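*Asks:* Got a structure for you, protein.pdb, holding PDB, C-alpha atoms, pLDDT in the B column.
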```pdb
ATOM      1  CA  MET Q   1     123.206-101.549 111.735  1.00 44.00           C
ATOM      2  CA  LYS Q   2     119.913-102.472 110.319  1.00 39.00           C
ATOM      3  CA  LYS Q   3     118.129-100.985 113.321  1.00 41.00           C
ATOM      4  CA  LYS Q   4     119.880 -97.674 112.728  1.00 43.00           C
ATOM      5  CA  GLU Q   5     118.862 -97.640 109.062  1.00 42.00           C
ATOM      6  CA  HIS Q   6     115.328 -98.463 110.055  1.00 44.00           C
ATOM      7  CA  LYS Q   7     115.225 -95.559 112.510  1.00 43.00           C
ATOM      8  CA  GLU Q   8     116.548 -93.204 109.883  1.00 46.00           C
ATOM      9  CA  SER Q   9     113.929 -94.442 107.460  1.00 53.00           C
ATOM     10  CA  ASN Q  10     111.171 -93.750 109.963  1.00 53.00           C
ATOM     11  CA  LYS Q  11     112.552 -90.290 110.533  1.00 56.00           C
ATOM     12  CA  ASP Q  12     112.443 -89.563 106.828  1.00 59.00           C
ATOM     13  CA  ILE Q  13     108.842 -90.689 106.675  1.00 57.00           C
ATOM     14  CA  ASN Q  14     107.888 -88.492 109.608  1.00 56.00           C
ATOM     15  CA  ASP Q  15     109.622 -85.506 108.057  1.00 63.00           C
ATOM     16  CA  LYS Q  16     107.763 -86.018 104.810  1.00 59.00           C
ATOM     17  CA  VAL Q  17     104.446 -86.325 106.629  1.00 50.00           C
ATOM     18  CA  ASN Q  18     105.164 -83.133 108.565  1.00 59.00           C
ATOM     19  CA  ASP Q  19     106.096 -81.373 105.351  1.00 61.00           C
ATOM     20  CA  LEU Q  20     102.834 -82.486 103.739  1.00 56.00           C
ATOM     21  CA  ILE Q  21     100.805 -81.345 106.757  1.00 54.00           C
ATOM     22  CA  THR Q  22     102.575 -77.989 106.758  1.00 60.00           C
ATOM     23  CA  GLU Q  23     102.033 -77.552 103.048  1.00 58.00           C
ATOM     24  CA  ASP Q  24      98.356 -78.479 103.431  1.00 55.00           C
ATOM     25  CA  GLN Q  25      97.935 -76.013 106.271  1.00 57.00           C
ATOM     26  CA  ARG Q  26      99.597 -73.346 104.195  1.00 54.00           C
ATOM     27  CA  SER Q  27      97.324 -74.162 101.265  1.00 54.00           C
ATOM     28  CA  LYS Q  28      94.267 -74.111 103.517  1.00 51.00           C
ATOM     29  CA  LYS Q  29      95.363 -70.855 105.099  1.00 48.00           C
ATOM     30  CA  TYR Q  30      95.854 -69.349 101.661  1.00 47.00           C
ATOM     31  CA  SER Q  31      92.492 -70.634 100.588  1.00 50.00           C
ATOM     32  CA  ASP Q  32      90.811 -69.193 103.699  1.00 51.00           C
ATOM     33  CA  THR Q  33      92.610 -65.919 103.148  1.00 51.00           C
ATOM     34  CA  SER Q  34      91.543 -65.872  99.500  1.00 50.00           C
ATOM     35  CA  ASN Q  35      87.936 -66.668 100.407  1.00 51.00           C
ATOM     36  CA  SER Q  36      87.941 -63.977 103.061  1.00 51.00           C
ATOM     37  CA  GLU Q  37      89.267 -61.463 100.584  1.00 51.00           C
ATOM     38  CA  ASN Q  38      86.605 -62.509  98.056  1.00 51.00           C
ATOM     39  CA  GLU Q  39      83.873 -62.130 100.693  1.00 51.00           C
ATOM     40  CA  ASP Q  40      85.199 -58.696 101.656  1.00 52.00           C
ATOM     41  CA  GLN Q  41      85.245 -57.737  97.995  1.00 50.00           C
ATOM     42  CA  CYS Q  42      81.631 -58.934  97.494  1.00 47.00           C
ATOM     43  CA  GLN Q  43      80.484 -57.073 100.574  1.00 47.00           C
ATOM     44  CA  HIS Q  44      82.236 -53.976  99.293  1.00 45.00           C
ATOM     45  CA  GLU Q  45      80.512 -54.365  95.918  1.00 45.00           C
ATOM     46  CA  GLU Q  46      77.123 -54.813  97.635  1.00 45.00           C
ATOM     47  CA  VAL Q  47      77.745 -51.696  99.671  1.00 46.00           C
ATOM     48  CA  LEU Q  48      78.477 -49.830  96.448  1.00 47.00           C
ATOM     49  CA  LEU Q  49      75.353 -51.193  94.717  1.00 46.00           C
ATOM     50  CA  ILE Q  50      72.840 -50.244  97.422  1.00 64.00           C
ATOM     51  CA  PRO Q  51      73.227 -46.444  97.059  1.00 65.00           C
ATOM     52  CA  ASP Q  52      72.793 -46.745  93.260  1.00 73.00           C
ATOM     53  CA  GLU Q  53      69.596 -48.752  93.639  1.00 77.00           C
ATOM     54  CA  LYS Q  54      68.261 -46.315  96.216  1.00 78.00           C
ATOM     55  CA  ALA Q  55      68.975 -43.374  93.950  1.00 81.00           C
ATOM     56  CA  LEU Q  56      67.269 -45.138  91.045  1.00 83.00           C
ATOM     57  CA  LEU Q  57      64.223 -45.901  93.186  1.00 84.00           C
ATOM     58  CA  GLU Q  58      64.058 -42.317  94.419  1.00 83.00           C
ATOM     59  CA  ALA Q  59      64.263 -41.088  90.827  1.00 84.00           C
ATOM     60  CA  LYS Q  60      61.391 -43.358  89.803  1.00 85.00           C
ATOM     61  CA  VAL Q  61      59.278 -42.213  92.750  1.00 86.00           C
ATOM     62  CA  ALA Q  62      59.944 -38.579  91.884  1.00 85.00           C
ATOM     63  CA  GLU Q  63      59.037 -39.244  88.257  1.00 87.00           C
ATOM     64  CA  SER Q  64      55.816 -40.975  89.303  1.00 88.00           C
ATOM     65  CA  GLU Q  65      54.889 -38.052  91.554  1.00 88.00           C
ATOM     66  CA  VAL Q  66      55.407 -35.602  88.686  1.00 87.00           C
ATOM     67  CA  ALA Q  67      53.268 -37.755  86.360  1.00 88.00           C
ATOM     68  CA  TYR Q  68      50.538 -38.012  89.028  1.00 89.00           C
ATOM     69  CA  LYS Q  69      50.500 -34.250  89.550  1.00 88.00           C
ATOM     70  CA  GLU Q  70      50.229 -33.671  85.791  1.00 89.00           C
ATOM     71  CA  MET Q  71      47.348 -36.157  85.421  1.00 91.00           C
ATOM     72  CA  ASN Q  72      45.565 -34.755  88.466  1.00 87.00           C
ATOM     73  CA  ASP Q  73      45.930 -31.232  87.094  1.00 87.00           C
ATOM     74  CA  LYS Q  74      44.527 -32.332  83.721  1.00 89.00           C
ATOM     75  CA  TYR Q  75      41.615 -34.067  85.471  1.00 90.00           C
ATOM     76  CA  LEU Q  76      40.780 -30.959  87.502  1.00 90.00           C
ATOM     77  CA  ARG Q  77      40.940 -28.780  84.382  1.00 90.00           C
ATOM     78  CA  LEU Q  78      38.704 -31.133  82.389  1.00 90.00           C
ATOM     79  CA  SER Q  79      36.250 -31.381  85.275  1.00 89.00           C
ATOM     80  CA  ALA Q  80      36.069 -27.583  85.550  1.00 89.00           C
ATOM     81  CA  GLU Q  81      35.656 -27.199  81.776  1.00 90.00           C
ATOM     82  CA  PHE Q  82      32.869 -29.793  81.683  1.00 90.00           C
ATOM     83  CA  ASP Q  83      31.069 -28.101  84.568  1.00 89.00           C
ATOM     84  CA  ASN Q  84      31.294 -24.750  82.785  1.00 91.00           C
ATOM     85  CA  TYR Q  85      30.062 -26.352  79.543  1.00 90.00           C
ATOM     86  CA  ARG Q  86      27.101 -27.932  81.361  1.00 90.00           C
ATOM     87  CA  LYS Q  87      26.129 -24.638  82.977  1.00 91.00           C
ATOM     88  CA  ARG Q  88      26.526 -22.747  79.708  1.00 90.00           C
ATOM     89  CA  THR Q  89      24.399 -25.183  77.684  1.00 90.00           C
ATOM     90  CA  LEU Q  90      21.715 -25.175  80.399  1.00 89.00           C
ATOM     91  CA  ARG Q  91      21.640 -21.387  80.374  1.00 87.00           C
ATOM     92  CA  GLU Q  92      21.492 -21.325  76.558  1.00 86.00           C
ATOM     93  CA  ARG Q  93      18.641 -23.851  76.580  1.00 85.00           C
ATOM     94  CA  ILE Q  94      16.646 -21.737  79.032  1.00 82.00           C
ATOM     95  CA  GLU Q  95      17.285 -18.613  76.976  1.00 79.00           C
ATOM     96  CA  LEU Q  96      16.298 -20.452  73.788  1.00 78.00           C
ATOM     97  CA  THR Q  97      13.033 -21.582  75.371  1.00 75.00           C
ATOM     98  CA  LYS Q  98      12.270 -18.039  76.457  1.00 72.00           C
ATOM     99  CA  THR Q  99      13.137 -16.688  73.014  1.00 72.00           C
ATOM    100  CA  ALA Q 100      10.999 -19.313  71.263  1.00 70.00           C
ATOM    101  CA  ALA Q 101       8.007 -18.462  73.468  1.00 72.00           C
ATOM    102  CA  GLU Q 102       8.579 -14.770  72.795  1.00 75.00           C
ATOM    103  CA  SER Q 103       8.650 -15.384  69.048  1.00 74.00           C
ATOM    104  CA  VAL Q 104       5.382 -17.346  69.163  1.00 77.00           C
ATOM    105  CA  MET Q 105       3.645 -14.696  71.232  1.00 78.00           C
ATOM    106  CA  LEU Q 106       4.791 -11.922  68.901  1.00 81.00           C
ATOM    107  CA  SER Q 107       3.366 -13.863  65.964  1.00 79.00           C
ATOM    108  CA  ILE Q 108       0.017 -14.435  67.690  1.00 83.00           C
ATOM    109  CA  LEU Q 109      -0.486 -10.825  68.821  1.00 85.00           C
ATOM    110  CA  PRO Q 110      -1.839  -9.656  65.403  1.00 84.00           C
ATOM    111  CA  VAL Q 111      -4.483 -12.387  65.583  1.00 83.00           C
ATOM    112  CA  MET Q 112      -5.523 -11.131  69.007  1.00 84.00           C
ATOM    113  CA  ASP Q 113      -5.739  -7.609  67.567  1.00 86.00           C
ATOM    114  CA  ASP Q 114      -8.072  -8.904  64.848  1.00 84.00           C
ATOM    115  CA  PHE Q 115     -10.269 -10.616  67.450  1.00 83.00           C
ATOM    116  CA  GLU Q 116     -10.558  -7.397  69.419  1.00 85.00           C
ATOM    117  CA  ARG Q 117     -11.626  -5.483  66.315  1.00 82.00           C
ATOM    118  CA  ALA Q 118     -14.214  -8.169  65.530  1.00 80.00           C
ATOM    119  CA  MET Q 119     -15.613  -8.016  69.068  1.00 80.00           C
ATOM    120  CA  HIS Q 120     -15.828  -4.219  68.836  1.00 79.00           C
ATOM    121  CA  SER Q 121     -17.658  -4.576  65.548  1.00 77.00           C
ATOM    122  CA  ILE Q 122     -20.192  -6.959  67.119  1.00 77.00           C
ATOM    123  CA  GLU Q 123     -20.772  -4.653  70.073  1.00 77.00           C
ATOM    124  CA  THR Q 124     -21.407  -1.602  67.863  1.00 76.00           C
ATOM    125  CA  GLY Q 125     -23.989  -3.542  65.853  1.00 68.00           C
ATOM    126  CA  LEU Q 126     -22.354  -3.140  62.439  1.00 65.00           C
ATOM    127  CA  ASP Q 127     -23.147  -5.273  59.423  1.00 71.00           C
ATOM    128  CA  PHE Q 128     -23.446  -8.908  60.492  1.00 74.00           C
ATOM    129  CA  GLU Q 129     -22.144 -10.304  57.199  1.00 79.00           C
ATOM    130  CA  ALA Q 130     -19.084  -8.095  57.353  1.00 77.00           C
ATOM    131  CA  THR Q 131     -18.408  -9.204  60.921  1.00 78.00           C
ATOM    132  CA  LYS Q 132     -18.808 -12.832  59.894  1.00 80.00           C
ATOM    133  CA  GLU Q 133     -16.326 -12.399  57.064  1.00 82.00           C
ATOM    134  CA  GLY Q 134     -13.912 -10.663  59.435  1.00 82.00           C
ATOM    135  CA  ILE Q 135     -14.053 -13.546  61.902  1.00 84.00           C
ATOM    136  CA  LEU Q 136     -13.491 -16.027  59.079  1.00 87.00           C
ATOM    137  CA  LEU Q 137     -10.418 -14.078  57.993  1.00 87.00           C
ATOM    138  CA  ILE Q 138      -9.116 -14.158  61.560  1.00 87.00           C
ATOM    139  CA  TYR Q 139      -9.621 -17.911  61.722  1.00 87.00           C
ATOM    140  CA  ASN Q 140      -7.799 -18.444  58.437  1.00 88.00           C
ATOM    141  CA  LYS Q 141      -4.950 -16.211  59.599  1.00 87.00           C
ATOM    142  CA  PHE Q 142      -4.634 -18.127  62.858  1.00 87.00           C
ATOM    143  CA  ASN Q 143      -4.798 -21.448  61.017  1.00 87.00           C
ATOM    144  CA  GLU Q 144      -1.971 -20.338  58.731  1.00 87.00           C
ATOM    145  CA  PHE Q 145       0.036 -19.197  61.741  1.00 85.00           C
ATOM    146  CA  SER Q 146      -0.405 -22.642  63.325  1.00 86.00           C
ATOM    147  CA  LYS Q 147       0.805 -24.431  60.208  1.00 87.00           C
ATOM    148  CA  GLN Q 148       3.869 -22.206  60.025  1.00 86.00           C
ATOM    149  CA  ASN Q 149       4.734 -23.282  63.556  1.00 84.00           C
ATOM    150  CA  GLY Q 150       4.370 -26.995  62.794  1.00 87.00           C
ATOM    151  CA  ILE Q 151       0.826 -27.501  64.116  1.00 89.00           C
ATOM    152  CA  THR Q 152      -1.404 -29.588  61.857  1.00 90.00           C
ATOM    153  CA  GLU Q 153      -4.801 -31.203  62.346  1.00 91.00           C
ATOM    154  CA  ILE Q 154      -5.196 -34.980  62.722  1.00 91.00           C
ATOM    155  CA  ASP Q 155      -7.420 -36.277  59.952  1.00 89.00           C
ATOM    156  CA  ALA Q 156     -10.127 -38.380  61.632  1.00 90.00           C
ATOM    157  CA  VAL Q 157     -13.574 -38.545  59.998  1.00 90.00           C
ATOM    158  CA  GLY Q 158     -13.972 -41.718  57.956  1.00 89.00           C
ATOM    159  CA  LYS Q 159     -10.607 -43.079  59.142  1.00 91.00           C
ATOM    160  CA  VAL Q 160     -10.061 -46.393  60.928  1.00 91.00           C
ATOM    161  CA  PHE Q 161      -9.974 -45.867  64.674  1.00 92.00           C
ATOM    162  CA  ASP Q 162      -6.330 -45.691  65.859  1.00 90.00           C
ATOM    163  CA  THR Q 163      -5.505 -45.516  69.569  1.00 90.00           C
ATOM    164  CA  ASP Q 164      -2.217 -43.759  68.742  1.00 91.00           C
ATOM    165  CA  LEU Q 165      -4.170 -40.844  67.243  1.00 92.00           C
ATOM    166  CA  HIS Q 166      -7.729 -40.983  68.509  1.00 93.00           C
ATOM    167  CA  GLU Q 167      -9.615 -41.161  71.789  1.00 92.00           C
ATOM    168  CA  ALA Q 168     -13.038 -42.846  71.556  1.00 92.00           C
ATOM    169  CA  LEU Q 169     -15.682 -41.119  73.661  1.00 93.00           C
ATOM    170  CA  THR Q 170     -18.491 -43.456  72.636  1.00 91.00           C
ATOM    171  CA  LYS Q 171     -19.694 -45.909  70.017  1.00 92.00           C
ATOM    172  CA  ILE Q 172     -22.841 -45.714  67.925  1.00 91.00           C
ATOM    173  CA  PRO Q 173     -24.374 -47.946  65.285  1.00 91.00           C
ATOM    174  CA  ALA Q 174     -22.566 -47.237  62.013  1.00 87.00           C
ATOM    175  CA  PRO Q 175     -24.718 -45.240  59.554  1.00 86.00           C
ATOM    176  CA  THR Q 176     -23.359 -47.414  56.719  1.00 87.00           C
ATOM    177  CA  GLU Q 177     -21.691 -50.788  56.525  1.00 87.00           C
ATOM    178  CA  ASP Q 178     -18.369 -49.325  55.409  1.00 87.00           C
ATOM    179  CA  LEU Q 179     -18.143 -47.086  58.526  1.00 88.00           C
ATOM    180  CA  LYS Q 180     -18.028 -49.988  60.995  1.00 89.00           C
ATOM    181  CA  GLY Q 181     -14.866 -49.662  63.078  1.00 88.00           C
ATOM    182  CA  LYS Q 182     -14.317 -46.201  61.663  1.00 92.00           C
ATOM    183  CA  ILE Q 183     -14.771 -42.680  62.994  1.00 92.00           C
ATOM    184  CA  VAL Q 184     -18.159 -41.190  62.209  1.00 93.00           C
ATOM    185  CA  GLN Q 185     -17.865 -37.929  64.165  1.00 92.00           C
ATOM    186  CA  VAL Q 186     -15.168 -35.716  65.744  1.00 92.00           C
ATOM    187  CA  ILE Q 187     -16.092 -34.110  69.054  1.00 93.00           C
ATOM    188  CA  GLN Q 188     -12.759 -32.354  69.516  1.00 92.00           C
ATOM    189  CA  LYS Q 189     -10.007 -32.054  66.920  1.00 91.00           C
ATOM    190  CA  GLY Q 190      -6.578 -33.532  67.548  1.00 92.00           C
ATOM    191  CA  TYR Q 191      -3.286 -31.952  66.503  1.00 92.00           C
ATOM    192  CA  TYR Q 192       0.312 -32.786  65.638  1.00 91.00           C
ATOM    193  CA  LEU Q 193       3.294 -30.629  66.497  1.00 89.00           C
ATOM    194  CA  ASN Q 194       5.525 -31.569  63.590  1.00 88.00           C
ATOM    195  CA  ASP Q 195       5.361 -35.407  63.831  1.00 85.00           C
ATOM    196  CA  LYS Q 196       4.367 -35.619  67.489  1.00 90.00           C
ATOM    197  CA  VAL Q 197       0.768 -35.928  68.666  1.00 91.00           C
ATOM    198  CA  ILE Q 198       0.154 -33.114  71.161  1.00 90.00           C
ATOM    199  CA  ARG Q 199      -3.583 -33.727  71.480  1.00 92.00           C
ATOM    200  CA  PHE Q 200      -5.632 -36.820  70.620  1.00 93.00           C
ATOM    201  CA  ALA Q 201      -8.759 -36.375  68.550  1.00 92.00           C
ATOM    202  CA  LYS Q 202     -11.880 -37.138  70.625  1.00 93.00           C
ATOM    203  CA  VAL Q 203     -14.166 -39.123  68.372  1.00 93.00           C
ATOM    204  CA  VAL Q 204     -17.294 -41.275  68.009  1.00 94.00           C
ATOM    205  CA  VAL Q 205     -16.711 -44.706  66.494  1.00 93.00           C
ATOM    206  CA  GLY Q 206     -19.218 -46.677  64.404  1.00 91.00           C
ATOM    207  CA  GLU Q 207     -19.978 -50.312  65.240  1.00 87.00           C
TER     208      GLU Q 207
END
```
Render the structure in this file as structure tokens.
*Replies:*
Amino acid sequence: MKKKEHKESNKDINDKVNDLITEDQRSKKYSDTSNSENEDQCQHEEVLLIPDEKALLEAKVAESEVAYKEMNDKYLRLSAEFDNYRKRTLRERIELTKTAAESVMLSILPVMDDFERAMHSIETGLDFEATKEGILLIYNKFNEFSKQNGITEIDAVGKVFDTDLHEALTKIPAPTEDLKGKIVQVIQKGYYLNDKVIRFAKVVVGE
């Protein structure tokens, strides 16, 4: 009797073990099925995300191309405008130089007319004093014309020798003590054009 009860007890244990194994397999199968469904869902979501990202990237590329074309167009326009400006200013500068030279020549022509009249007077043997006065008037007129155009003489005699203004041709013993190191004679006058030295005064310096 006891053996029979023992067999039945073992059977119950085996049944319970089988039930647990079956339940575990079911749970595992459910879990695998759930995981598989989750993976399929994630893959589906990834498939849906890729076209959106591609469209966004394409939109950004298109926007960048438009911006590049606009900047390139602006650069080409600015380059063309600058080139035109450079050519225009160069042409205006050349024309201004020509006009300035024309203005100077027109102003100097009356002085040349006066010189011609003086030369004619000398050739015809007219009054020497009158001719002399005429030449002096011409000189004064030309001197005034020079000043009006910014040309002034460099003051030299009695001044301290200055290499920025004077060019020493020679040195001689100073006539007086106070003329040592100073200019005692001007061989050729020097001139400014406004504030710029356009010709150095050629001088003799005392020592």
*Asks:* For this structure, which residues satisfy the selection - the PyMOL selection byres ((chain Q and resi 164-168) around 8) - when it is evaluated on the file as given? I want them as a list in words.
*Replies:* Ile154, Ala156, Phe161, Asp162, Thr163, Leu169, Thr170, Lys171, Gly190, Val197, Phe200, Ala201, Lys202, Val203, Val204 and Val205 of chain Q
*Asks:* Might you pull out every residue within 8 Å of Gly150 of chain Q, with all atoms listed in the file counted and same-chain residues fewer than 5 positions away left off, and present them as an NGL selection string?
*Replies:* :Q and (192-194)
*Asks:* Export C-alpha atoms of the chosen residues as a PDB file, in the frame of the given file?
*Replies:*
```pdb
ATOM      1  CA  TYR Q 192       0.312 -32.786  65.638  1.00 91.00           C
ATOM      2  CA  LEU Q 193       3.294 -30.629  66.497  1.00 89.00           C
ATOM      3  CA  ASN Q 194       5.525 -31.569  63.590  1.00 88.00           C
TER       4      ASN Q 194
END
```
*Asks:* Between Q:Asn149, Q:Ser79, Q:Thr131, Q:Asn72, which has the minimum distance to Ala100 of chain Q (counting only C-alpha atoms)?
*Replies:* Q:Asn149
*Asks:* Calculate how many Å separate atom CA of Gly134 of chain Q from atom CA of Met119 of chain Q, rounding to one decimal.
*Replies:*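 Here the two named atoms are 10.1 Å from each other.
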*Asks:* List the neighbours of Gly158 of chain Q out to 8 Å using all atoms listed in the file; skip same-chain residues closer than 6 positions along the sequence, and give me the result as a ChimeraX atom specification.
*Replies:* /Q:179,182-184
*Asks:* Give me the residues within 12 Å of Glu144 of chain Q as a list of chain:residue names, counting all atoms listed in the file and dropping any in the same chain fewer than 6 places off.
*Replies:*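 So, after excluding close chain neighbours, the residues are Q:Ser107, Q:Ile108, Q:Val111, Q:Leu137, Q:Ile138, Q:Gly150, Q:Ile151, Q:Thr152, Q:Glu153.
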*Asks:* I'd like the interatomic distance between atom CA of Lys180 of chain Q and atom CA of Lys159 of chain Q, to a tenth of an Å.
*Replies:*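 Atom CA of Lys159 of chain Q lies 10.3 Å from atom CA of Lys180 of chain Q.
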*Asks:* Which polymer residues have any atom within 6 Å of an atom of Glu207 of chain Q, counting only C-alpha atoms, with same-chain residues fewer than 3 positions away left out, as a list of chain:residue names?
*Replies:* Q:Pro173, Q:Ala174, Q:Lys180, Q:Gly181
*Asks:* I'd like the interatomic distance between atom CA of Asp113 of chain Q and atom CA of Asn143 of chain Q, to a tenth of an Å.
*Replies:*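 Pair atom CA of Asp113 of chain Q / atom CA of Asn143 of chain Q returns 15.3 Å.
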*Asks:* Considering only C-alpha atoms, can you say which of Q:Asp73, Q:Val104, Q:Lys60, Q:Gln188 comes closest to Ser146 of chain Q?
*Replies:*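 For Ser146 of chain Q, the nearest of the candidates is Q:Val104.
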*Asks:* Rank Q:Glu123, Q:Leu78, Q:Gly206, Q:Gln148 by their smallest atom-to-atom distance to Thr176 of chain Q, using only C-alpha atoms, and report the top residue only.
*Replies:* Q:Gly206
*Asks:* For Val157 of chain Q, which residue out of Q:Met105, Q:Leu90, Q:Ala118, Q:Val186 is the nearest one, using all atoms listed in the file?
*Replies:*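 Distance minimum relative to Val157 of chain Q lands on Q:Val186.
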*Asks:* Can you list, as a list of chain:residue names, every protein, DNA or RNA residue that comes within 12 Å of Glu133 of chain Q when you count all atoms listed in the file, leaving out same-chain residues fewer than 5 positions away?
*Replies:*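 Those residues are Q:Asp114, Q:Ala118, Q:Ser121, Q:Asp127, Q:Phe128, Q:Ile138, Q:Tyr139, Q:Asn140.
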*Asks:* For segment 74-85 of chain Q, which lacks atoms in the input, supply N, CA and C atoms and format the output as a short mmCIF file (atom, residue, chain, number, x, y, z; two decimals), in the coordinates of the input.
*Replies:*
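Result went into result.cif, see below:
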```cif
data_model
loop_
_atom_site.label_atom_id
_atom_site.label_comp_id
_atom_site.auth_asym_id
_atom_site.auth_seq_id
_atom_site.Cartn_x
_atom_site.Cartn_y
_atom_site.Cartn_z
N LYS Q 74 45.35 -32.20 84.93
CA LYS Q 74 44.53 -32.33 83.72
C LYS Q 74 43.10 -32.72 84.08
N TYR Q 75 42.95 -33.65 85.05
CA TYR Q 75 41.62 -34.07 85.47
C TYR Q 75 40.83 -32.89 86.05
N LEU Q 76 41.46 -32.10 86.90
CA LEU Q 76 40.78 -30.96 87.50
C LEU Q 76 40.38 -29.95 86.44
N ARG Q 77 41.25 -29.73 85.46
CA ARG Q 77 40.94 -28.78 84.38
C ARG Q 77 39.75 -29.27 83.54
N LEU Q 78 39.80 -30.57 83.18
CA LEU Q 78 38.70 -31.13 82.39
C LEU Q 78 37.39 -31.10 83.16
N SER Q 79 37.45 -31.40 84.45
CA SER Q 79 36.25 -31.38 85.28
C SER Q 79 35.66 -29.97 85.33
N ALA Q 80 36.54 -28.97 85.50
CA ALA Q 80 36.07 -27.58 85.55
C ALA Q 80 35.49 -27.15 84.20
N GLU Q 81 36.15 -27.55 83.11
CA GLU Q 81 35.66 -27.20 81.78
C GLU Q 81 34.30 -27.84 81.50
N PHE Q 82 34.15 -29.12 81.90
CA PHE Q 82 32.87 -29.79 81.68
C PHE Q 82 31.76 -29.14 82.49
N ASP Q 83 32.07 -28.76 83.73
CA ASP Q 83 31.07 -28.10 84.57
C ASP Q 83 30.66 -26.77 83.96
N ASN Q 84 31.62 -26.02 83.45
CA ASN Q 84 31.29 -24.75 82.78
C ASN Q 84 30.46 -24.98 81.53
N TYR Q 85 30.82 -26.03 80.75
CA TYR Q 85 30.06 -26.35 79.54
C TYR Q 85 28.62 -26.72 79.89
#
```
